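Dropping work.csv in here (CSV, C-alpha atoms):
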```csv
chain,number,residue,atom,x,y,z
U,27,MET,CA,236.8,126.0,98.8
U,28,ASP,CA,237.6,129.2,97.0
U,29,LYS,CA,238.8,128.0,93.7
U,30,PRO,CA,239.3,130.9,91.3
U,31,VAL,CA,236.7,130.9,88.5
U,32,ASP,CA,237.7,132.0,85.1
U,33,LYS,CA,234.5,133.8,84.0
U,34,THR,CA,236.0,135.0,80.8
U,35,GLY,CA,237.3,131.6,79.9
U,36,ILE,CA,233.8,130.1,80.4
U,37,LYS,CA,232.3,132.6,78.1
U,38,ILE,CA,234.9,132.2,75.4
U,39,GLY,CA,234.2,128.4,75.5
U,40,MET,CA,230.5,129.1,74.9
U,41,TRP,CA,231.2,131.5,72.1
U,42,ILE,CA,233.5,129.1,70.3
U,43,PHE,CA,230.6,126.6,70.3
U,44,LEU,CA,228.3,129.3,69.1
U,45,TYR,CA,230.6,130.0,66.1
U,46,SER,CA,230.3,126.4,65.1
U,47,GLU,CA,226.5,126.8,65.2
U,48,ILE,CA,226.7,129.9,63.1
U,49,ILE,CA,228.8,128.1,60.5
U,50,LEU,CA,226.3,125.1,60.6
U,51,PHE,CA,223.4,127.4,59.7
U,52,GLY,CA,225.6,129.4,57.5
U,53,GLY,CA,226.1,126.3,55.3
U,54,LEU,CA,222.4,125.9,55.0
U,55,PHE,CA,222.0,129.5,54.0
U,56,VAL,CA,224.6,129.0,51.3
U,57,LEU,CA,222.3,126.2,49.9
U,58,TYR,CA,219.4,128.6,50.1
U,59,ALA,CA,221.3,131.3,48.2
U,60,VAL,CA,222.4,128.9,45.5
U,61,TYR,CA,219.0,127.3,44.9
U,62,PHE,CA,217.3,130.7,45.1
U,63,HIS,CA,219.6,131.8,42.3
U,64,MET,CA,218.7,128.7,40.2
U,65,HIS,CA,214.9,128.8,40.8
U,66,PRO,CA,213.9,132.4,41.7
U,67,GLU,CA,210.3,132.0,40.5
U,68,SER,CA,209.7,128.8,42.5
U,69,PHE,CA,211.2,130.3,45.6
U,70,VAL,CA,208.9,133.4,45.4
U,71,GLU,CA,205.9,131.0,44.8
U,72,GLY,CA,206.9,128.9,47.8
U,73,GLY,CA,207.4,131.9,50.0
U,74,LEU,CA,203.9,133.2,49.2
U,75,LYS,CA,202.5,129.8,50.3
U,76,LEU,CA,203.9,130.4,53.8
U,77,ASP,CA,201.9,132.3,56.3
U,78,ARG,CA,203.7,135.5,57.1
U,79,ILE,CA,201.3,136.3,60.0
U,80,PHE,CA,202.4,133.1,61.8
U,81,GLY,CA,206.0,133.9,60.9
U,82,ALA,CA,205.7,137.4,62.3
U,83,ILE,CA,204.0,136.3,65.5
U,84,ASN,CA,206.8,133.7,66.0
U,85,THR,CA,209.4,136.4,65.4
U,86,LEU,CA,207.8,138.6,68.1
U,87,VAL,CA,207.6,135.7,70.5
U,88,LEU,CA,211.3,134.9,70.2
U,89,LEU,CA,212.3,138.6,70.5
U,90,VAL,CA,210.3,139.0,73.7
U,91,SER,CA,211.7,135.8,75.1
U,92,SER,CA,215.3,137.1,74.3
U,93,PHE,CA,214.5,140.3,76.2
U,94,THR,CA,213.2,138.3,79.3
U,95,VAL,CA,216.3,136.1,79.2
U,96,ALA,CA,218.6,139.2,79.1
U,97,ALA,CA,216.5,140.7,81.9
U,98,SER,CA,216.8,137.5,84.0
U,99,ILE,CA,220.6,138.0,84.0
U,100,THR,CA,220.2,141.6,85.1
U,101,ALA,CA,217.9,140.3,87.9
U,102,ILE,CA,220.5,137.7,89.1
U,103,GLN,CA,223.2,140.4,89.0
U,104,ARG,CA,221.0,142.4,91.3
U,105,SER,CA,220.2,139.4,93.5
U,106,LYS,CA,216.5,139.6,92.7
U,107,LYS,CA,215.9,135.9,92.7
U,108,MET,CA,212.1,136.0,92.2
U,109,HIS,CA,212.4,138.4,89.2
U,110,ALA,CA,214.9,136.0,87.6
U,111,ILE,CA,212.6,133.0,88.2
U,112,TRP,CA,209.6,134.7,86.6
U,113,PHE,CA,211.6,136.0,83.7
U,114,LEU,CA,212.9,132.5,83.0
U,115,LEU,CA,209.5,130.9,83.4
U,116,PHE,CA,208.1,133.4,80.9
U,117,SER,CA,211.0,132.7,78.4
U,118,ILE,CA,210.4,129.0,78.6
U,119,GLY,CA,206.7,129.7,78.0
U,120,CYS,CA,207.6,131.7,74.9
U,121,GLY,CA,209.6,128.7,73.7
U,122,CYS,CA,206.5,126.5,74.1
U,123,VAL,CA,204.3,129.1,72.3
U,124,PHE,CA,206.8,129.2,69.4
U,125,LEU,CA,206.7,125.4,69.0
U,126,ILE,CA,202.9,125.2,69.2
U,127,ILE,CA,202.6,127.9,66.5
U,128,LYS,CA,205.2,125.9,64.5
U,129,TYR,CA,203.1,122.8,64.9
U,130,PHE,CA,200.0,124.4,63.5
U,131,GLU,CA,202.0,126.0,60.7
U,132,TRP,CA,203.6,122.6,59.7
U,133,GLY,CA,200.2,121.0,60.1
U,134,ALA,CA,198.6,123.5,57.7
U,135,LYS,CA,201.3,122.7,55.1
U,136,PHE,CA,200.9,119.0,55.5
U,137,ALA,CA,197.1,119.4,55.0
U,138,LYS,CA,197.9,121.2,51.6
U,139,ASP,CA,200.1,118.2,50.6
U,140,LEU,CA,203.3,120.2,51.0
U,141,TYR,CA,205.7,118.0,52.8
U,142,PRO,CA,208.9,116.1,51.7
U,143,ASN,CA,208.0,113.4,49.2
U,144,SER,CA,204.4,114.6,48.8
U,145,ASP,CA,202.8,114.0,45.4
U,146,THR,CA,202.3,117.8,44.8
U,147,LEU,CA,206.0,118.5,45.4
U,148,LEU,CA,207.3,115.4,43.5
U,149,ASP,CA,205.2,116.1,40.4
U,150,GLY,CA,205.5,119.9,40.5
U,151,GLU,CA,208.3,122.3,39.8
U,152,PRO,CA,211.7,121.0,41.0
U,153,GLY,CA,212.4,124.5,42.5
U,154,LEU,CA,209.3,124.3,44.7
U,155,ASN,CA,210.4,120.9,46.0
U,156,VAL,CA,213.9,122.3,46.9
U,157,PHE,CA,212.3,125.3,48.6
U,158,PHE,CA,210.1,123.2,50.8
U,159,GLY,CA,213.0,120.8,51.4
U,160,LEU,CA,215.1,123.7,52.7
U,161,TYR,CA,212.2,125.1,54.6
U,162,TYR,CA,211.6,121.8,56.6
U,163,THR,CA,215.4,121.3,57.1
U,164,ILE,CA,216.1,124.8,58.4
U,165,THR,CA,213.0,125.3,60.4
U,166,GLY,CA,213.2,121.7,61.7
U,167,LEU,CA,216.9,122.2,62.8
U,168,HIS,CA,216.0,125.5,64.3
U,169,GLY,CA,213.0,124.0,66.2
U,170,LEU,CA,215.4,121.4,67.6
U,171,HIS,CA,217.6,124.3,68.8
U,172,VAL,CA,214.5,125.9,70.4
U,173,ILE,CA,213.9,122.6,72.4
U,174,ILE,CA,217.6,122.4,73.4
U,175,GLY,CA,217.5,126.1,74.5
U,176,MET,CA,214.4,125.5,76.6
U,177,VAL,CA,216.1,122.5,78.3
U,178,LEU,CA,219.1,124.7,79.1
U,179,LEU,CA,216.9,127.5,80.4
U,180,LEU,CA,215.0,125.0,82.5
U,181,ILE,CA,218.3,123.7,84.0
U,182,SER,CA,219.3,127.3,84.8
U,183,LEU,CA,215.9,127.9,86.3
U,184,ILE,CA,216.3,124.9,88.6
U,185,LEU,CA,219.8,126.1,89.6
U,186,VAL,CA,218.5,129.6,90.3
U,187,ILE,CA,215.7,128.1,92.6
U,188,LYS,CA,218.3,126.0,94.4
U,189,ASN,CA,220.6,129.0,94.9
U,190,LYS,CA,223.3,127.4,92.8
U,191,VAL,CA,223.1,130.3,90.3
U,192,THR,CA,223.7,133.6,92.2
U,193,ALA,CA,225.0,137.1,91.7
U,194,GLU,CA,228.5,135.8,92.4
U,195,ARG,CA,228.4,132.9,90.0
U,196,TYR,CA,225.9,132.8,87.1
U,197,ALA,CA,227.9,131.5,84.2
U,198,MET,CA,225.4,128.7,83.6
U,199,LEU,CA,222.5,131.2,83.2
U,200,GLU,CA,224.6,133.5,81.1
U,201,ASN,CA,225.7,130.7,78.7
U,202,SER,CA,222.2,129.3,78.4
U,203,GLY,CA,221.1,132.9,77.7
U,204,LEU,CA,223.7,133.2,74.9
U,205,TYR,CA,222.4,130.0,73.4
U,206,TRP,CA,218.9,131.2,73.5
U,207,HIS,CA,219.9,134.5,71.8
U,208,LEU,CA,221.6,132.5,69.1
U,209,VAL,CA,218.3,130.7,68.4
U,210,ASP,CA,216.7,134.1,68.2
U,211,LEU,CA,219.5,135.4,65.8
U,212,ILE,CA,219.0,132.5,63.4
U,213,TRP,CA,215.2,133.0,63.3
U,214,ILE,CA,215.9,136.7,62.5
U,215,PHE,CA,217.4,135.5,59.2
U,216,VAL,CA,215.1,132.6,58.6
U,217,PHE,CA,212.0,134.8,58.8
U,218,PRO,CA,212.6,137.3,56.0
U,219,LEU,CA,214.4,134.7,53.7
U,220,PHE,CA,211.5,132.2,53.8
U,221,TYR,CA,208.4,134.2,54.6
U,222,LEU,CA,209.1,137.5,53.0
U,223,VAL,CA,210.7,136.8,49.6
U,224,LEU,CA,208.4,138.3,47.0
T,25,MET,CA,243.3,139.9,87.6
T,26,SER,CA,239.7,140.1,88.7
T,27,GLU,CA,239.7,143.9,88.5
T,28,HIS,CA,239.4,143.4,84.7
T,29,GLU,CA,236.4,141.3,84.9
T,30,VAL,CA,233.9,144.1,85.4
T,31,GLU,CA,230.3,143.0,85.2
T,32,HIS,CA,228.1,145.1,83.1
T,33,GLN,CA,224.5,145.4,84.3
T,34,LEU,CA,222.0,146.6,81.8
T,35,SER,CA,218.9,148.1,83.3
T,36,TYR,CA,215.4,146.6,82.5
T,37,GLY,CA,214.5,149.9,80.9
T,38,PHE,CA,217.5,149.8,78.5
T,39,LEU,CA,216.8,146.2,77.6
T,40,ALA,CA,213.1,147.1,76.9
T,41,LEU,CA,214.3,149.9,74.7
T,42,ILE,CA,216.3,147.4,72.6
T,43,LEU,CA,213.3,145.2,72.4
T,44,ALA,CA,211.2,148.1,71.2
T,45,GLY,CA,213.8,148.7,68.5
T,46,LEU,CA,213.7,145.1,67.5
T,47,ILE,CA,209.9,145.1,67.3
T,48,VAL,CA,209.9,148.3,65.2
T,49,LEU,CA,212.4,146.7,62.8
T,50,THR,CA,210.2,143.6,62.5
T,51,GLY,CA,207.3,145.8,61.6
T,52,VAL,CA,209.5,147.5,59.0
T,53,THR,CA,210.6,144.3,57.4
T,54,VAL,CA,207.0,142.9,57.2
T,55,GLY,CA,205.7,146.2,55.9
T,56,VAL,CA,208.4,146.6,53.3
T,57,SER,CA,207.8,143.0,52.1
T,58,TYR,CA,204.3,143.9,50.8
T,59,ILE,CA,206.0,146.2,48.2
T,60,ASP,CA,207.9,144.7,45.3
T,61,TRP,CA,211.3,146.3,45.1
T,62,GLY,CA,212.5,144.1,42.3
T,63,PHE,CA,216.0,142.8,42.7
T,64,LEU,CA,216.4,144.9,45.9
T,65,ASN,CA,213.9,142.6,47.8
T,66,VAL,CA,216.5,140.3,49.3
T,67,PRO,CA,219.1,143.0,50.0
T,68,ILE,CA,216.5,145.1,51.9
T,69,ALA,CA,215.3,142.1,53.9
T,70,LEU,CA,218.9,141.1,54.7
T,71,PHE,CA,219.8,144.7,55.7
T,72,VAL,CA,217.0,144.9,58.2
T,73,ALA,CA,217.7,141.4,59.5
T,74,SER,CA,221.4,142.3,60.0
T,75,SER,CA,220.4,145.5,61.9
T,76,LYS,CA,218.2,143.4,64.2
T,77,ALA,CA,221.0,140.8,64.6
T,78,THR,CA,223.5,143.6,65.5
T,79,LEU,CA,221.1,144.9,68.3
T,80,VAL,CA,220.8,141.3,69.7
T,81,LEU,CA,224.5,140.7,69.5
T,82,LEU,CA,225.7,144.0,71.0
T,83,PHE,CA,223.2,144.3,73.9
T,84,PHE,CA,221.3,141.0,74.6
T,85,MET,CA,224.5,139.0,74.1
T,86,HIS,CA,226.7,141.7,75.7
T,87,ILE,CA,229.3,141.7,72.9
T,88,LYS,CA,229.7,145.5,73.3
T,89,TYR,CA,231.0,144.9,76.8
T,90,GLU,CA,233.2,141.8,76.2
T,91,GLY,CA,236.9,141.8,76.0
T,92,LEU,CA,239.0,141.8,72.8
T,93,VAL,CA,239.2,138.0,72.5
T,94,ILE,CA,235.5,137.5,72.0
T,95,LYS,CA,235.1,140.6,69.8
T,96,VAL,CA,238.0,139.6,67.5
T,97,SER,CA,237.0,135.9,67.3
T,98,PHE,CA,233.4,136.9,66.6
T,99,ILE,CA,234.4,139.2,63.8
T,100,SER,CA,236.7,136.5,62.4
T,101,THR,CA,233.8,134.1,62.3
T,102,MET,CA,231.7,136.6,60.4
T,103,PHE,CA,234.6,137.1,58.0
T,104,PHE,CA,234.8,133.4,57.4
T,105,LEU,CA,231.0,133.1,57.0
T,106,ALA,CA,231.2,136.0,54.4
T,107,ILE,CA,233.9,134.2,52.5
T,108,MET,CA,231.9,130.9,52.6
T,109,ILE,CA,228.7,132.5,51.3
T,110,SER,CA,230.1,135.0,48.8
T,111,PHE,CA,232.7,132.7,47.1
T,112,THR,CA,230.3,129.9,46.7
T,113,PHE,CA,227.8,132.3,45.3
T,114,TRP,CA,230.2,133.8,42.9
T,115,ASP,CA,231.1,130.4,41.6
T,116,VAL,CA,227.5,129.5,41.0
T,117,ALA,CA,226.5,132.9,39.6
T,118,PHE,CA,229.3,133.2,37.0
T,119,ARG,CA,229.5,129.6,36.0
```
Go through the file and emit its structure as structure tokens.
Amino acid sequence: MDKPVDKTGIKIGMWIFLYSEIILFGGLFVLYAVYFHMHPESFVEGGLKLDRIFGAINTLVLLVSSFTVAASITAIQRSKKMHAIWFLLFSIGCGCVFLIIKYFEWGAKFAKDLYPNSDTLLDGEPGLNVFFGLYYTITGLHGLHVIIGMVLLLISLILVIKNKVTAERYAMLENSGLYWHLVDLIWIFVFPLFYLVL
Amino acid sequence: MSEHEVEHQLSYGFLALILAGLIVLTGVTVGVSYIDWGFLNVPIALFVASSKATLVLLFFMHIKYEGLVIKVSFISTMFFLAIMISFTFWDVAFR
């Protein structure tokens, strides 16, 4: 019954996975850096076409959700089950808000004929095409991570409700939280690089 | 063995303080972006982003309270990432 649990080992495993995610997005940022160097004017032009208000709101949504995920871990450590449940529900809600804003943002770009293979991009500056290619690749991959993060948080939430995640053993919640924070971390770099380059 | 695995609890208040710091830095990065700093635009944006990332990593992700293995392996990853980005960039910039 009382098998020893290697809490540190569980966390190290999660961190090693997160390192691979960091390198994955790092590779995309290398592409960004190189193409920015080759087409600086187009990147500035592309950046000005993005809505920095949408971007800023999404940044705040992710930051707040990161806070509530961190707070849910504190709640579990203190055996405050109801607090943890509400914090997690709120975080998952933030994930939904993020994706809905992203949907409207992409929709607005599609309406302006700015999407991969659109006539405007194919006939326009090559740099602008590359900028929007990177924009859709990176924000799309990031959006996929938001969805995965929400699923992990949902699983943790169910385990909290079923008393499988408790003050004695909450590695699942902690690792899901780490993943969610990583999603937040990536967005912290995506936001200035795409929305704020002048 | 288990004596070493001390759990660190961060109070709601402390976490909220970190959140407040992150929101202020977001405001700074948006505000600063309306001014054209010339070639400093990207370095300034990246500096603020790195400060935010540091806050998230240290406190939300508890790195400050982790053991040596996670700290050292994380720094190694950052070191590798820096090599990957800077060496590629030098190659392209001075071709």
Residues of chain U near chain T: apply a cut-off of 6 Å, count all atoms listed in the file, and supply the list as a CSV table (one decimal) with C-alpha atoms, in the frame of the given file.
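selection_22.csv written:
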```csv
chain,number,residue,atom,x,y,z
U,56,VAL,CA,224.6,129.0,51.3
U,96,ALA,CA,218.6,139.2,79.1
U,100,THR,CA,220.2,141.6,85.1
U,204,LEU,CA,223.7,133.2,74.9
U,211,LEU,CA,219.5,135.4,65.8
U,214,ILE,CA,215.9,136.7,62.5
U,215,PHE,CA,217.4,135.5,59.2
U,218,PRO,CA,212.6,137.3,56.0
U,222,LEU,CA,209.1,137.5,53.0
```
Find the spatial neighbours of Leu115 in chain U, counting all atoms listed in the file, within a cut-off of 8 Å - ignore same-chain residues fewer than 4 positions away - and output them as a count of residues only. 3
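With only C-alpha atoms as the atoms that count, the residue of U:Leu86, U:Ile212, U:Leu74, U:Cys120 with the shortest distance to Leu167 in chain U is U:Ile212.
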Interatomic distance between CA of Val70 in chain U and CA of Leu154 in chain U? 9.1 Å
CA of Ile118 in chain U to CA of Gly73 in chain U: how many Å, to one decimal? 28.9 Å
Just the number, please: distance in Å from CA of His171 in chain U to CA of Lys37 in chain U, one decimal.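 It comes out at 19.3 Å.
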Between U:Met198, U:Met64, U:Leu88, U:Leu147, single out the one closest to Val186 in chain U, counting only C-alpha atoms.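 Of the candidates, the smallest distance to Val186 in chain U is held by U:Met198.
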Minimum-distance residue to Tyr61 in chain U, chosen among U:Asn155, U:Thr165, U:Asn143, U:Asn201 (using all atoms listed in the file): U:Asn155
